[in-house]
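Raw contents of query-v5.csv, CSV, C-alpha atoms:
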chain,number,residue,atom,x,y,z
A,1,MET,CA,125.4,132.2,209.3
A,2,THR,CA,127.7,129.9,207.5
A,3,ALA,CA,129.6,131.0,204.4
A,4,PRO,CA,128.0,129.9,201.2
A,5,PRO,CA,129.5,126.7,199.7
A,6,THR,CA,132.0,127.3,197.0
A,7,PRO,CA,130.5,126.9,193.6
A,8,ASP,CA,133.4,124.7,192.4
A,9,LEU,CA,131.8,121.7,194.1
A,10,LEU,CA,129.4,121.9,191.1
A,11,THR,CA,130.3,120.7,187.6
A,12,LEU,CA,128.0,123.3,186.0
A,13,ASP,CA,129.9,126.5,185.3
A,14,ARG,CA,129.1,129.6,187.1
A,15,ALA,CA,127.5,131.5,184.1
A,16,ALA,CA,125.0,128.6,183.7
A,17,GLN,CA,124.4,128.6,187.5
A,18,ASP,CA,123.6,132.3,187.3
A,19,LEU,CA,121.5,132.0,184.2
A,20,LEU,CA,119.3,129.2,185.6
A,21,PHE,CA,119.2,129.9,189.3
A,22,ARG,CA,121.3,132.5,191.0
A,23,ALA,CA,120.6,135.5,188.8
A,24,ALA,CA,117.3,134.4,187.4
A,25,ARG,CA,114.2,136.0,188.8
A,26,THR,CA,110.4,135.6,188.4
A,27,ALA,CA,109.3,138.4,186.0
A,28,THR,CA,106.2,140.5,186.5
A,29,ALA,CA,106.7,142.8,183.6
A,30,PHE,CA,107.9,142.1,180.1
A,31,THR,CA,109.3,143.9,177.0
A,32,ALA,CA,107.3,143.8,173.8
A,33,GLU,CA,109.8,141.5,172.2
A,34,PRO,CA,107.9,138.4,171.0
A,35,VAL,CA,108.6,134.8,172.0
A,36,ASP,CA,108.3,132.9,168.8
A,37,ASP,CA,107.4,129.2,168.3
A,38,ALA,CA,110.9,128.2,167.4
A,39,GLN,CA,112.1,129.4,170.8
A,40,VAL,CA,109.4,127.4,172.5
A,41,GLU,CA,110.2,124.4,170.4
A,42,ALA,CA,113.9,124.7,171.4
A,43,ILE,CA,112.9,124.8,175.1
A,44,HIS,CA,110.7,121.8,174.7
A,45,GLU,CA,113.4,119.9,172.8
A,46,LEU,CA,115.7,120.4,175.8
A,47,VAL,CA,113.4,119.8,178.8
A,48,ARG,CA,111.5,116.9,177.4
A,49,HIS,CA,114.5,114.8,178.4
A,50,GLY,CA,113.8,115.4,182.0
A,51,PRO,CA,112.7,112.2,183.9
A,52,THR,CA,109.1,111.3,184.9
A,53,ALA,CA,107.7,108.1,186.5
A,54,LEU,CA,107.2,105.5,183.9
A,55,ASN,CA,108.4,108.1,181.4
A,56,ALA,CA,104.7,109.2,181.4
A,57,GLN,CA,105.3,112.9,180.5
A,58,PRO,CA,101.8,114.1,181.4
A,59,LEU,CA,102.5,117.8,181.0
A,60,ARG,CA,100.5,119.6,178.2
A,61,VAL,CA,101.1,123.2,177.2
A,62,LEU,CA,98.6,125.5,175.7
A,63,LEU,CA,100.2,128.7,174.4
A,64,LEU,CA,97.9,131.8,174.3
A,65,ARG,CA,99.4,134.0,171.6
A,66,SER,CA,96.4,135.7,169.9
A,67,ALA,CA,94.6,138.6,171.5
A,68,ALA,CA,91.3,136.6,171.3
A,69,ALA,CA,92.8,133.7,173.2
A,70,ARG,CA,94.2,136.0,175.8
A,71,GLU,CA,90.8,137.7,176.3
A,72,ARG,CA,89.3,134.3,177.0
A,73,LEU,CA,91.8,133.7,179.8
A,74,LEU,CA,91.7,137.0,181.6
A,75,PRO,CA,88.3,136.6,183.4
A,76,TYR,CA,89.7,133.5,185.2
A,77,VAL,CA,92.9,135.2,186.4
A,78,SER,CA,93.0,136.8,189.8
A,79,ALA,CA,92.8,140.6,189.7
A,80,GLY,CA,96.4,140.9,190.9
A,81,ASN,CA,97.7,138.8,188.0
A,82,ARG,CA,95.6,140.3,185.2
A,83,GLU,CA,97.7,143.2,184.1
A,84,LYS,CA,101.0,141.2,183.8
A,85,THR,CA,99.2,138.4,182.0
A,86,ALA,CA,97.7,140.8,179.5
A,87,GLY,CA,101.1,142.4,178.9
A,88,ALA,CA,103.2,139.3,178.6
A,89,PRO,CA,104.4,138.3,175.1
A,90,LEU,CA,103.2,134.7,175.7
A,91,VAL,CA,101.1,133.0,178.3
A,92,ALA,CA,101.4,129.3,178.8
A,93,VAL,CA,98.6,127.3,180.4
A,94,LEU,CA,100.2,124.3,182.0
A,95,ALA,CA,98.0,121.2,182.4
A,96,ALA,CA,98.3,117.6,183.3
A,97,ASP,CA,96.7,114.9,181.1
A,98,VAL,CA,95.0,112.4,183.4
A,99,ASP,CA,94.9,109.9,180.5
A,100,TRP,CA,98.6,109.7,180.2
A,101,HIS,CA,98.5,105.9,180.6
A,102,GLU,CA,97.2,105.6,177.0
A,103,ARG,CA,100.7,106.4,175.7
A,104,LEU,CA,102.5,103.9,178.0
A,105,PRO,CA,102.9,101.2,175.4
A,106,ARG,CA,104.9,103.7,173.3
A,107,VAL,CA,106.8,105.7,176.0
A,108,PHE,CA,107.4,102.8,178.4
A,109,PRO,CA,107.7,99.7,176.1
A,110,HIS,CA,109.4,97.5,178.7
A,111,GLN,CA,106.1,97.1,180.6
A,112,PRO,CA,103.4,97.1,178.0
A,113,GLN,CA,100.9,95.9,180.6
A,114,ALA,CA,101.4,99.1,182.6
A,115,ARG,CA,98.6,100.8,180.7
A,116,ASP,CA,96.1,98.3,182.0
A,117,TRP,CA,97.2,98.7,185.6
A,118,PHE,CA,96.2,102.3,185.5
A,119,ALA,CA,93.1,102.0,183.2
A,120,GLY,CA,90.9,101.2,186.2
A,121,ASP,CA,92.5,103.7,188.6
A,122,PRO,CA,91.5,107.3,187.7
A,123,ALA,CA,92.3,108.6,191.2
A,124,GLY,CA,95.8,107.2,191.0
A,125,ARG,CA,96.3,108.4,187.5
A,126,GLU,CA,95.2,111.9,188.5
A,127,ALA,CA,97.7,112.0,191.5
A,128,GLN,CA,100.5,110.8,189.2
A,129,ALA,CA,99.5,113.2,186.5
A,130,ARG,CA,99.7,116.1,188.9
A,131,PHE,CA,103.0,115.0,190.5
A,132,ASN,CA,104.8,114.3,187.2
A,133,ALA,CA,103.5,117.3,185.4
A,134,ALA,CA,104.7,119.5,188.3
A,135,LEU,CA,108.1,117.9,188.0
A,136,GLN,CA,108.0,118.8,184.3
A,137,ILE,CA,107.0,122.4,185.1
A,138,GLY,CA,110.2,122.5,187.3
A,139,TYR,CA,112.2,121.5,184.2
A,140,LEU,CA,110.3,124.0,182.1
A,141,VAL,CA,111.1,126.9,184.4
A,142,VAL,CA,114.8,125.9,183.9
A,143,GLY,CA,114.3,125.6,180.2
A,144,VAL,CA,112.7,129.0,179.8
A,145,ARG,CA,115.7,130.5,181.6
A,146,ALA,CA,118.1,128.4,179.4
A,147,ALA,CA,116.6,130.3,176.5
A,148,GLY,CA,117.5,133.6,178.0
A,149,LEU,CA,113.9,134.3,178.9
A,150,ALA,CA,112.1,134.9,182.2
A,151,ALA,CA,109.2,132.9,183.5
A,152,GLY,CA,106.4,134.4,185.5
A,153,PRO,CA,104.5,131.5,187.1
A,154,MET,CA,101.1,132.3,188.5
A,155,ALA,CA,99.0,130.2,190.8
A,156,GLY,CA,96.3,132.8,191.3
A,157,PHE,CA,93.5,131.8,188.9
A,158,ASP,CA,90.3,129.8,188.7
A,159,ALA,CA,91.5,126.4,187.6
A,160,ALA,CA,88.0,124.9,187.1
A,161,GLY,CA,87.1,127.9,184.9
A,162,VAL,CA,90.2,127.6,182.8
A,163,GLU,CA,89.6,123.9,182.3
A,164,ARG,CA,86.0,124.5,181.2
A,165,GLU,CA,87.1,127.3,178.8
A,166,PHE,CA,90.2,125.6,177.2
A,167,PHE,CA,90.0,121.9,178.0
A,168,PRO,CA,86.4,120.8,177.6
A,169,ASP,CA,87.5,117.2,177.1
A,170,GLY,CA,87.6,116.8,180.9
A,171,ARG,CA,90.9,114.9,180.8
A,172,HIS,CA,93.2,117.8,181.7
A,173,ARG,CA,93.9,119.5,185.0
A,174,VAL,CA,95.3,123.0,184.8
A,175,LEU,CA,98.1,123.4,187.3
A,176,LEU,CA,99.7,126.7,186.6
A,177,LEU,CA,99.8,129.7,184.3
A,178,MET,CA,103.2,131.0,183.2
A,179,ASN,CA,104.0,134.3,181.5
A,180,ILE,CA,107.1,134.1,179.3
A,181,GLY,CA,109.2,136.8,177.8
A,182,ARG,CA,112.1,139.2,178.3
A,183,PRO,CA,111.8,141.0,181.7
A,184,ALA,CA,111.2,144.7,181.6
A,185,GLY,CA,113.0,146.7,184.3
A,186,SER,CA,114.1,145.4,187.7
A,187,PRO,CA,112.2,142.8,189.6
A,188,ARG,CA,109.5,144.4,191.8
A,189,TRP,CA,111.0,143.0,195.0
A,190,GLU,CA,114.4,142.0,196.3
A,191,ARG,CA,114.8,138.3,196.1
A,192,LEU,CA,112.8,136.7,198.9
A,193,PRO,CA,114.5,134.7,201.6
A,194,ARG,CA,115.3,131.1,201.0
A,195,LEU,CA,115.4,128.4,203.6
A,196,ASP,CA,118.7,127.4,205.0
A,197,TYR,CA,120.2,123.9,204.5
A,198,ALA,CA,119.5,122.9,208.1
A,199,GLU,CA,115.8,123.8,207.7
A,200,VAL,CA,115.4,121.7,204.6
A,201,VAL,CA,117.9,118.8,204.9
A,202,ARG,CA,118.3,116.2,207.7
A,203,THR,CA,120.7,113.3,207.7
A,204,LEU,CA,120.3,109.9,209.3
B,205,MET,CA,110.0,113.7,161.6
B,206,THR,CA,111.2,117.3,161.8
B,207,ALA,CA,114.8,118.1,162.3
B,208,PRO,CA,115.6,119.0,165.9
B,209,PRO,CA,115.7,122.8,166.6
B,210,THR,CA,119.2,124.2,166.4
B,211,PRO,CA,120.6,124.6,170.0
B,212,ASP,CA,121.7,128.1,169.3
B,213,LEU,CA,118.2,129.3,170.0
B,214,LEU,CA,119.2,128.7,173.6
B,215,THR,CA,121.4,130.9,175.7
B,216,LEU,CA,122.6,128.0,177.8
B,217,ASP,CA,125.8,126.5,176.2
B,218,ARG,CA,125.7,123.0,174.7
B,219,ALA,CA,127.9,121.4,177.4
B,220,ALA,CA,125.5,122.6,180.1
B,221,GLN,CA,122.5,121.4,178.0
B,222,ASP,CA,124.1,118.0,177.8
B,223,LEU,CA,125.1,117.9,181.5
B,224,LEU,CA,121.6,118.7,182.7
B,225,PHE,CA,119.3,117.2,180.1
B,226,ARG,CA,120.5,115.7,176.8
B,227,ALA,CA,123.2,113.4,178.1
B,228,ALA,CA,121.9,113.0,181.6
B,229,ARG,CA,120.2,109.7,182.4
B,230,THR,CA,118.4,108.2,185.4
B,231,ALA,CA,120.9,105.9,187.1
B,232,THR,CA,120.0,102.4,188.4
B,233,ALA,CA,123.5,101.4,189.5
B,234,PHE,CA,126.2,103.5,191.2
B,235,THR,CA,129.9,103.4,191.9
B,236,ALA,CA,131.1,103.2,195.6
B,237,GLU,CA,132.3,106.9,195.5
B,238,PRO,CA,130.6,108.7,198.4
B,239,VAL,CA,128.4,111.8,198.0
B,240,ASP,CA,129.4,114.0,200.9
B,241,ASP,CA,127.4,116.6,202.8
B,242,ALA,CA,129.3,119.4,201.2
B,243,GLN,CA,128.1,118.3,197.7
B,244,VAL,CA,124.5,118.2,198.9
B,245,GLU,CA,124.9,121.6,200.5
B,246,ALA,CA,126.2,123.0,197.2
B,247,ILE,CA,123.3,121.5,195.3
B,248,HIS,CA,120.8,122.9,197.9
B,249,GLU,CA,122.5,126.3,197.7
B,250,LEU,CA,121.9,126.4,193.9
B,251,VAL,CA,118.4,125.0,193.6
B,252,ARG,CA,116.9,126.8,196.6
B,253,HIS,CA,116.7,129.8,194.3
B,254,GLY,CA,114.0,128.1,192.2
B,255,PRO,CA,110.6,129.7,192.4
B,256,THR,CA,107.6,128.4,194.4
B,257,ALA,CA,104.2,129.9,194.9
B,258,LEU,CA,104.3,132.4,197.8
B,259,ASN,CA,108.0,131.4,198.0
B,260,ALA,CA,106.7,128.6,200.3
B,261,GLN,CA,109.5,126.1,199.6
B,262,PRO,CA,107.7,123.1,201.1
B,263,LEU,CA,110.3,120.5,200.1
B,264,ARG,CA,112.1,118.7,202.9
B,265,VAL,CA,114.9,116.3,202.3
B,266,LEU,CA,115.9,113.4,204.5
B,267,LEU,CA,119.2,111.9,203.6
B,268,LEU,CA,119.7,108.2,204.5
B,269,ARG,CA,123.5,107.8,204.8
B,270,SER,CA,124.0,105.2,207.6
B,271,ALA,CA,123.5,101.5,207.1
B,272,ALA,CA,121.0,101.5,210.0
B,273,ALA,CA,118.9,104.2,208.4
B,274,ARG,CA,119.0,102.5,205.0
B,275,GLU,CA,117.8,99.2,206.6
B,276,ARG,CA,114.8,101.0,208.0
B,277,LEU,CA,113.8,102.2,204.5
B,278,LEU,CA,114.2,98.9,202.5
B,279,PRO,CA,111.1,97.1,203.8
B,280,TYR,CA,108.9,99.9,202.3
B,281,VAL,CA,110.6,99.9,198.9
B,282,SER,CA,109.2,97.8,196.1
B,283,ALA,CA,111.1,94.6,195.4
B,284,GLY,CA,112.3,96.0,192.0
B,285,ASN,CA,113.8,99.0,193.6
B,286,ARG,CA,115.5,97.4,196.6
B,287,GLU,CA,118.8,96.4,195.2
B,288,LYS,CA,119.6,99.7,193.6
B,289,THR,CA,118.5,101.5,196.8
B,290,ALA,CA,120.7,99.4,199.0
B,291,GLY,CA,123.7,100.0,196.6
B,292,ALA,CA,123.4,103.8,196.2
B,293,PRO,CA,125.9,106.0,198.0
B,294,LEU,CA,123.1,108.2,199.2
B,295,VAL,CA,119.3,107.9,199.3
B,296,ALA,CA,117.2,111.0,199.7
B,297,VAL,CA,113.6,110.8,200.9
B,298,LEU,CA,111.8,113.8,199.4
B,299,ALA,CA,108.8,115.0,201.4
B,300,ALA,CA,106.4,118.0,201.4
B,301,ASP,CA,105.8,119.9,204.7
B,302,VAL,CA,102.0,120.5,204.8
B,303,ASP,CA,102.6,123.2,207.5
B,304,TRP,CA,104.7,125.3,205.2
B,305,HIS,CA,102.4,128.3,205.9
B,306,GLU,CA,104.0,128.7,209.3
B,307,ARG,CA,107.1,130.2,207.6
B,308,LEU,CA,105.2,132.6,205.4
B,309,PRO,CA,105.8,135.7,207.5
B,310,ARG,CA,109.5,135.2,207.0
B,311,VAL,CA,109.7,133.9,203.4
B,312,PHE,CA,106.8,136.1,202.0
B,313,PRO,CA,107.0,139.2,204.1
B,314,HIS,CA,104.9,141.3,201.6
B,315,GLN,CA,101.7,139.6,202.7
B,316,PRO,CA,102.1,138.7,206.4
B,317,GLN,CA,98.4,137.8,206.6
B,318,ALA,CA,98.9,135.0,204.1
B,319,ARG,CA,99.7,132.6,207.0
B,320,ASP,CA,96.2,133.1,208.4
B,321,TRP,CA,94.5,132.5,205.0
B,322,PHE,CA,96.0,129.0,205.0
B,323,ALA,CA,95.8,128.1,208.7
B,324,GLY,CA,92.2,126.9,208.4
B,325,ASP,CA,92.6,125.1,205.0
B,326,PRO,CA,94.6,121.9,205.5
B,327,ALA,CA,93.3,120.4,202.2
B,328,GLY,CA,94.4,123.4,200.3
B,329,ARG,CA,97.8,123.4,202.1
B,330,GLU,CA,98.4,119.8,201.3
B,331,ALA,CA,97.6,120.3,197.6
B,332,GLN,CA,99.9,123.3,197.4
B,333,ALA,CA,102.6,121.5,199.4
B,334,ARG,CA,102.5,118.6,196.9
B,335,PHE,CA,102.6,120.8,193.9
B,336,ASN,CA,105.3,123.1,195.0
B,337,ALA,CA,107.5,120.4,196.5
B,338,ALA,CA,107.2,118.5,193.1
B,339,LEU,CA,108.4,121.7,191.3
B,340,GLN,CA,111.3,121.8,193.7
B,341,ILE,CA,112.1,118.1,193.0
B,342,GLY,CA,112.3,119.1,189.4
B,343,TYR,CA,114.9,121.7,190.3
B,344,LEU,CA,116.7,119.2,192.5
B,345,VAL,CA,117.0,116.7,189.7
B,346,VAL,CA,118.7,119.5,187.7
B,347,GLY,CA,120.9,120.4,190.7
B,348,VAL,CA,122.1,116.8,191.2
B,349,ARG,CA,123.1,116.7,187.6
B,350,ALA,CA,124.7,120.2,187.9
B,351,ALA,CA,127.0,118.6,190.6
B,352,GLY,CA,128.1,116.0,188.0
B,353,LEU,CA,126.1,113.3,189.8
B,354,ALA,CA,123.2,111.1,188.6
B,355,ALA,CA,119.8,111.0,190.2
B,356,GLY,CA,117.7,107.8,190.4
B,357,PRO,CA,114.2,108.9,191.3
B,358,MET,CA,111.8,106.1,192.4
B,359,ALA,CA,108.1,106.2,192.8
B,360,GLY,CA,107.7,102.5,193.7
B,361,PHE,CA,107.5,102.5,197.5
B,362,ASP,CA,104.9,102.5,200.3
B,363,ALA,CA,104.6,106.2,201.1
B,364,ALA,CA,102.4,105.7,204.2
B,365,GLY,CA,104.9,103.3,205.6
B,366,VAL,CA,107.8,105.6,205.0
B,367,GLU,CA,105.9,108.5,206.6
B,368,ARG,CA,105.2,106.4,209.7
B,369,GLU,CA,108.8,105.3,209.9
B,370,PHE,CA,110.6,108.6,209.3
B,371,PHE,CA,108.1,111.4,209.7
B,372,PRO,CA,106.0,110.5,212.8
B,373,ASP,CA,105.0,114.1,213.2
B,374,GLY,CA,102.2,113.7,210.6
B,375,ARG,CA,103.0,116.9,208.9
B,376,HIS,CA,105.0,115.5,206.0
B,377,ARG,CA,103.9,113.7,202.8
B,378,VAL,CA,106.6,111.6,201.2
B,379,LEU,CA,106.5,112.1,197.4
B,380,LEU,CA,109.6,110.4,196.0
B,381,LEU,CA,112.8,108.5,196.8
B,382,MET,CA,115.9,109.5,195.0
B,383,ASN,CA,119.2,107.6,194.8
B,384,ILE,CA,122.2,109.9,194.2
B,385,GLY,CA,125.7,109.0,193.2
B,386,ARG,CA,128.0,108.5,190.2
B,387,PRO,CA,126.5,106.1,187.7
B,388,ALA,CA,128.2,102.7,187.3
B,389,GLY,CA,128.3,101.3,183.8
B,390,SER,CA,125.8,102.2,181.0
B,391,PRO,CA,122.2,102.8,181.6
B,392,ARG,CA,120.1,99.7,181.5
B,393,TRP,CA,118.0,100.9,178.7
B,394,GLU,CA,118.3,103.1,175.7
B,395,ARG,CA,116.7,106.5,176.4
B,396,LEU,CA,112.9,106.0,176.3
B,397,PRO,CA,110.9,107.9,173.6
B,398,ARG,CA,109.9,111.5,174.4
B,399,LEU,CA,106.7,113.1,173.2
B,400,ASP,CA,107.0,115.4,170.2
B,401,TYR,CA,106.3,119.1,170.3
B,402,ALA,CA,102.9,118.7,168.5
B,403,GLU,CA,101.8,116.2,171.1
B,404,VAL,CA,102.6,118.5,174.0
B,405,VAL,CA,102.2,122.0,172.8
B,406,ARG,CA,99.1,123.7,171.2
B,407,THR,CA,98.9,127.4,170.3
B,408,LEU,CA,95.8,129.6,170.2

Reformat the file's structure so that it appears as structure tokens.
Amino acid sequence: MTAPPTPDLLTLDRAAQDLLFRAARTATAFTAEPVDDAQVEAIHELVRHGPTALNAQPLRVLLLRSAAARERLLPYVSAGNREKTAGAPLVAVLAADVDWHERLPRVFPHQPQARDWFAGDPAGREAQARFNAALQIGYLVVGVRAAGLAAGPMAGFDAAGVEREFFPDGRHRVLLLMNIGRPAGSPRWERLPRLDYAEVVRTL
Amino acid sequence: MTAPPTPDLLTLDRAAQDLLFRAARTATAFTAEPVDDAQVEAIHELVRHGPTALNAQPLRVLLLRSAAARERLLPYVSAGNREKTAGAPLVAVLAADVDWHERLPRVFPHQPQARDWFAGDPAGREAQARFNAALQIGYLVVGVRAAGLAAGPMAGFDAAGVEREFFPDGRHRVLLLMNIGRPAGSPRWERLPRLDYAEVVRTL
């Protein structure tokens, strides 16, 4: 075991490190305190600055706030995730828009022809949509925590079913569900083990 | 145009918001100041806390520091990315380990049988590796900025070639290259347009 690196190698202050990473935990139970649209807008306004390839920004967020909308989701959620999803103040369905190239002339004006490169390559577009939207979900997790809230990402659901139910246009791929709110009580588990530097990083 | 949300809806202080998102920019040119291993270790020690499905942590980072290692990479980098890659203090090759399930008994001890679920599903493992490693790259971008450095992610390269050259074991998929260092001069472009809230977020 090596001693942990001293935090003063980072510019970000310790309170922010704790808020975003060290003390933050995935939540599985939430208080009844609502998460209002202004909070989500503030999170978006922060994390939208995060970089994506060609500035494509393929992530789309569907917020399920009403009881009726929540009811439509639950049949597609795995049994182990249903109770916490029903009880969260807000559930975000996180999807990638595979037709992100249509916005390129506006979001990447330096290469206006880039839209045409991708128009005939739906498989390449889908791969890029999935990758860049996942990057953006990483930024979103950080943003939710920056708002003093906890995220509860869930991969256990029927993605094809959620797409049929909520994205009948066929141009969206649902990547993740995320409960958002203030955590109730202590996390269910101790923090799980993280890989050591030597397991993750090699240098040549 | 709506006025931007007031930052005081966020818990994260404004200086940290600026460091990580608002003032941070993708860098295309860097000073000669080195990025040492202790800095990378501090970044890792922060961002490894970010959540992944089943705590799988599939991201692997290969740092190219020596001139010889850099030379091996350049032939696989698109012409437009070659000069900035050659000039960066450090280049990280970011890859996903498709055999992440082997570590599940240690990193997700609550479901020791999870390793076996995935052992016979290489396609599912690859999809999860790509998604979760991309999430971790999102955390890594934030972590590089938390260290006061700039990231220069690059998608323009021959992934199959980089895999053959640096990951001959066949169990890694290279997702992104990332130059890391202190930015030299001003960004080449004004910040590119970001999508508005109403384009990204819907509520039901």

Choose the residue, out of A:Leu9, A:Ala96, A:Ala119, A:Ala29, that has the smallest atom-to-atom separation from Arg173 in chain A; count all atoms listed in the file.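 Smallest separation from Arg173 in chain A among the options: A:Ala96.
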
Spatial neighbours of Val378 in chain B, max dist 7 Å, all atoms listed in the file, sep filter under 6 positions, as a ChimeraX atom specification: /B:298-300,363,367

Give as a list of chain:residue names every residue, naming chains and numbers as the document does, that has an atom within 10 Å of (107.7, 144.8, 175.9), counting all atoms listed in the file.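 Final list of nearby residues, as requested, is A:Ala29, A:Phe30, A:Thr31, A:Ala32, A:Glu33, A:Pro34, A:Gly87, A:Ala88, A:Pro89, A:Gly181, A:Arg182, A:Pro183, A:Ala184.
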
Using all atoms listed in the file, find which residues of chain B lie within 7 Å of chain A and jot them down as a ChimeraX atom specification. /B:209,211,213-216,220,225-226,243,245-246,248,250-254,257,263-270,273,311-312,335,338-343,350-352,359,396-398,401,404-408

Could the residues in this selection be written to a file with C-alpha atoms, as an mmCIF file, in the coordinates of the input?
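Output contents, as saved in part_13.cif:
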data_model
loop_
_atom_site.group_PDB
_atom_site.id
_atom_site.type_symbol
_atom_site.label_atom_id
_atom_site.label_comp_id
_atom_site.auth_asym_id
_atom_site.auth_seq_id
_atom_site.Cartn_x
_atom_site.Cartn_y
_atom_site.Cartn_z
ATOM 1 C CA PRO B 209 115.700 122.800 166.600
ATOM 2 C CA PRO B 211 120.600 124.600 170.000
ATOM 3 C CA LEU B 213 118.200 129.300 170.000
ATOM 4 C CA LEU B 214 119.200 128.700 173.600
ATOM 5 C CA THR B 215 121.400 130.900 175.700
ATOM 6 C CA LEU B 216 122.600 128.000 177.800
ATOM 7 C CA ALA B 220 125.500 122.600 180.100
ATOM 8 C CA PHE B 225 119.300 117.200 180.100
ATOM 9 C CA ARG B 226 120.500 115.700 176.800
ATOM 10 C CA GLN B 243 128.100 118.300 197.700
ATOM 11 C CA GLU B 245 124.900 121.600 200.500
ATOM 12 C CA ALA B 246 126.200 123.000 197.200
ATOM 13 C CA HIS B 248 120.800 122.900 197.900
ATOM 14 C CA LEU B 250 121.900 126.400 193.900
ATOM 15 C CA VAL B 251 118.400 125.000 193.600
ATOM 16 C CA ARG B 252 116.900 126.800 196.600
ATOM 17 C CA HIS B 253 116.700 129.800 194.300
ATOM 18 C CA GLY B 254 114.000 128.100 192.200
ATOM 19 C CA ALA B 257 104.200 129.900 194.900
ATOM 20 C CA LEU B 263 110.300 120.500 200.100
ATOM 21 C CA ARG B 264 112.100 118.700 202.900
ATOM 22 C CA VAL B 265 114.900 116.300 202.300
ATOM 23 C CA LEU B 266 115.900 113.400 204.500
ATOM 24 C CA LEU B 267 119.200 111.900 203.600
ATOM 25 C CA LEU B 268 119.700 108.200 204.500
ATOM 26 C CA ARG B 269 123.500 107.800 204.800
ATOM 27 C CA SER B 270 124.000 105.200 207.600
ATOM 28 C CA ALA B 273 118.900 104.200 208.400
ATOM 29 C CA VAL B 311 109.700 133.900 203.400
ATOM 30 C CA PHE B 312 106.800 136.100 202.000
ATOM 31 C CA PHE B 335 102.600 120.800 193.900
ATOM 32 C CA ALA B 338 107.200 118.500 193.100
ATOM 33 C CA LEU B 339 108.400 121.700 191.300
ATOM 34 C CA GLN B 340 111.300 121.800 193.700
ATOM 35 C CA ILE B 341 112.100 118.100 193.000
ATOM 36 C CA GLY B 342 112.300 119.100 189.400
ATOM 37 C CA TYR B 343 114.900 121.700 190.300
ATOM 38 C CA ALA B 350 124.700 120.200 187.900
ATOM 39 C CA ALA B 351 127.000 118.600 190.600
ATOM 40 C CA GLY B 352 128.100 116.000 188.000
ATOM 41 C CA ALA B 359 108.100 106.200 192.800
ATOM 42 C CA LEU B 396 112.900 106.000 176.300
ATOM 43 C CA PRO B 397 110.900 107.900 173.600
ATOM 44 C CA ARG B 398 109.900 111.500 174.400
ATOM 45 C CA TYR B 401 106.300 119.100 170.300
ATOM 46 C CA VAL B 404 102.600 118.500 174.000
ATOM 47 C CA VAL B 405 102.200 122.000 172.800
ATOM 48 C CA ARG B 406 99.100 123.700 171.200
ATOM 49 C CA THR B 407 98.900 127.400 170.300
ATOM 50 C CA LEU B 408 95.800 129.600 170.200
#

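The spacing separating CA of Arg286 in chain B from CA of Asp362 in chain B amounts to 12.3 Å.
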
Interatomic distance between CA of Met178 in chain A and CA of Val91 in chain A?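 Between these atoms lies a distance of 5.7 Å.
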
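Of note, CA of His101 in chain A and CA of Thr289 in chain B are spaced 26.1 Å apart.
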